[in-house]
Amino acid sequence: MSILSKPYFHDEAAAFEHLEAVLWPDGPICPHCGVIGNAYALKGVRSKPSKKNPEGLVRHGLKKCAACRKQFTVRVGTVFESSHIPLTKWLQTVYLMTCSKKGVSSHQLHRILEITYKAAWFMTHRIREAMRSGELAPMGSAGGYVEVDETFIGRDKSVKPVHTKRGRGWGHKYKVLTLVDRDSGQARSMVVDKLNVATLKPIIRANMDREATLMTDEATHYRPIGRHFADHKRVHHSMGQYAKGDAHTNTIEGYFSIFKRGMKGVYQHCAKRHLHRYLAEFDFRYNSRSALGVEDQERAARALKGVVGKRLTYRWPYPSMAS
């Protein structure tokens, strides 16, 4: 039997029960007053009738807080709030996005779920926001190894390509910096404007433990940064050197291979203002991959736990526009 035959993927009442079990393990939490386990279910309540639904729709999962007397559902305060799309389709989307190694496109979801492309696009961005952890704990604690490298993706149309003997170079592309903790297997990625010491130094120092060992390639901008850590080991890719003892960046290159296959093969195009959420998606799947003992169902549950407190509206799909 397929996992997609589970009741909560097809029955709205079961979908609410599943989400409540994930987000409220100790009982309902009132989003208005914060009281835990002091709410009761309101059954048989219907929404306001309309032309399409003369009798009104049954409001699944509706509860009322005994303390503040306000009504709410498990959707309130999450990325699912105020959505007209059934919760069953939301849960299907979360599962498909978390179990697909390289992601699933909004066009594919639009066809599978039988919703508009615009709705599918916004759903995926809301879920990517839920995947964003905001983790700031230093990597490489207790003297661990942290691999740091950059890659380039897309094209920044505001920058004119510079032609060199080897081609057009990378100055006109978006720049992505990634750190991988070799011991824990965790990755952390971010979009950077420039690849120089002034830009990278504060980022790497904020994300790495001082006792860690920095692992990079021969790029010159890492040399002064490496002095701030216990050790700095480099490999010279230009000389055909890809490993020197325990010094290598092969782990992070593996991460980039998955990231680029997904961005080029599945998503194909991404604007810079949305790139940080795509990075959060690939970081999330990499940090909860099967090699670390996390399988599809647990990975989907982890994504659902991140939906709280991350409301995202269609008018402001990225923070810079709301400010």
# chains A, B, ... in the order shown; residues from 1 in each chain; ligands from 1
>>> residues_around(residues="Ala291 in chain A", least_positions_apart="6", cutoff="12 Å", atoms="only C-alpha atoms", output="list in words")
Ser184, Gly185, Gln186 and Arg285 of chain A
>>> select_by_dssp(residues="range 128-198 of chain A", states="alpha helix (DSSP H)", output="PyMOL selection string")
chain A and resi 128-131+197-198
>>> write_last_selection(atoms="C-alpha atoms", output="compact mmCIF listing (two decimals), in the first residue's frame")
# COMPACT_ATOMS: atom_id res chain seq x y z
CA ARG A 128 10.04 26.37 1.89
CA GLU A 129 9.57 29.03 4.55
CA ALA A 130 8.53 26.29 6.98
CA MET A 131 11.71 24.38 6.10
CA VAL A 197 37.30 38.70 2.65
CA ALA A 198 35.17 41.62 3.84
>>> closest_residue(among="A:Glu20, A:Glu114, A:Asp26, A:Glu147", to="Tyr222 in chain A", atoms="only C-alpha atoms")
A:Glu147
>>> closest_residue(among="A:Tyr95, A:Lys305, A:Leu275, A:Arg126", to="Phe80 in chain A", atoms="only C-alpha atoms")
A:Arg126
>>> select_by_dssp(residues="range 44-217 of chain A", states="strand (DSSP E or B)", output="ChimeraX atom specification")
/A:46,58,63-65,71-72,78,139,145-153,164,167,174-181,186-192,208,213-216
>>> atom_distance(atom1="CA of Ile258 in chain A", atom2="CA of Leu214 in chain A")
22.5 Å
>>> residues_around(residues="range 190-196 of chain A", least_positions_apart="5", cutoff="8 Å", atoms="only C-alpha atoms", output="list of chain:residue names")
A:Tyr174, A:Lys175, A:Val176, A:Leu177, A:Thr178, A:His221, A:Leu275, A:His276, A:Leu279
>>> atom_distance(atom1="CA of Ala39 in chain A", atom2="CA of Lys64 in chain A")
5.4 Å
>>> residues_around(residues="Leu87 in chain A", least_positions_apart="4", cutoff="8 Å", atoms="only C-alpha atoms", output="list in words")
Glu12, Ala15, Phe16, Phe80 and Leu91 of chain A
>>> write_last_selection(atoms="N, CA and C atoms", output="CSV table (one decimal), in the first residue's frame")
chain,number,residue,atom,x,y,z
A,12,GLU,N,-10.5,15.3,5.0
A,12,GLU,CA,-10.1,16.6,5.6
A,12,GLU,C,-10.1,16.5,7.1
A,15,ALA,N,-7.0,14.8,8.1
A,15,ALA,CA,-5.9,15.7,7.9
A,15,ALA,C,-5.7,16.7,9.1
A,16,PHE,N,-6.8,17.2,9.6
A,16,PHE,CA,-6.7,18.1,10.8
A,16,PHE,C,-6.3,17.3,12.0
A,80,PHE,N,-0.4,27.7,6.8
A,80,PHE,CA,-1.6,27.2,6.3
A,80,PHE,C,-2.8,28.2,6.5
A,91,LEU,N,-1.0,18.7,2.8
A,91,LEU,CA,-0.2,17.6,3.4
A,91,LEU,C,0.4,16.8,2.2
>>> closest_residue(among="A:Leu4, A:Ala41, A:Val35, A:Ile203", to="Thr88 in chain A", atoms="only C-alpha atoms")
A:Leu4
>>> residues_around(residues="Arg302 in chain A", least_positions_apart="6", cutoff="10 Å", atoms="only C-alpha atoms", output="PDB file with C-alpha atoms, in the first residue's frame")
ATOM      1  CA  VAL A  22       2.162  16.800  15.121  1.00  0.00           C
ATOM      2  CA  THR A  98      10.233  16.364   1.283  1.00  0.00           C
ATOM      3  CA  ALA A 130       8.535  26.292   6.976  1.00  0.00           C
ATOM      4  CA  MET A 131      11.714  24.377   6.100  1.00  0.00           C
ATOM      5  CA  PHE A 284      16.447  20.875   4.923  1.00  0.00           C
ATOM      6  CA  SER A 288      17.377  15.148   7.225  1.00  0.00           C
ATOM      7  CA  VAL A 294      15.650  10.128   8.563  1.00  0.00           C
ATOM      8  CA  ASP A 296      10.305  10.199   4.170  1.00  0.00           C
TER       9      ASP A 296
END
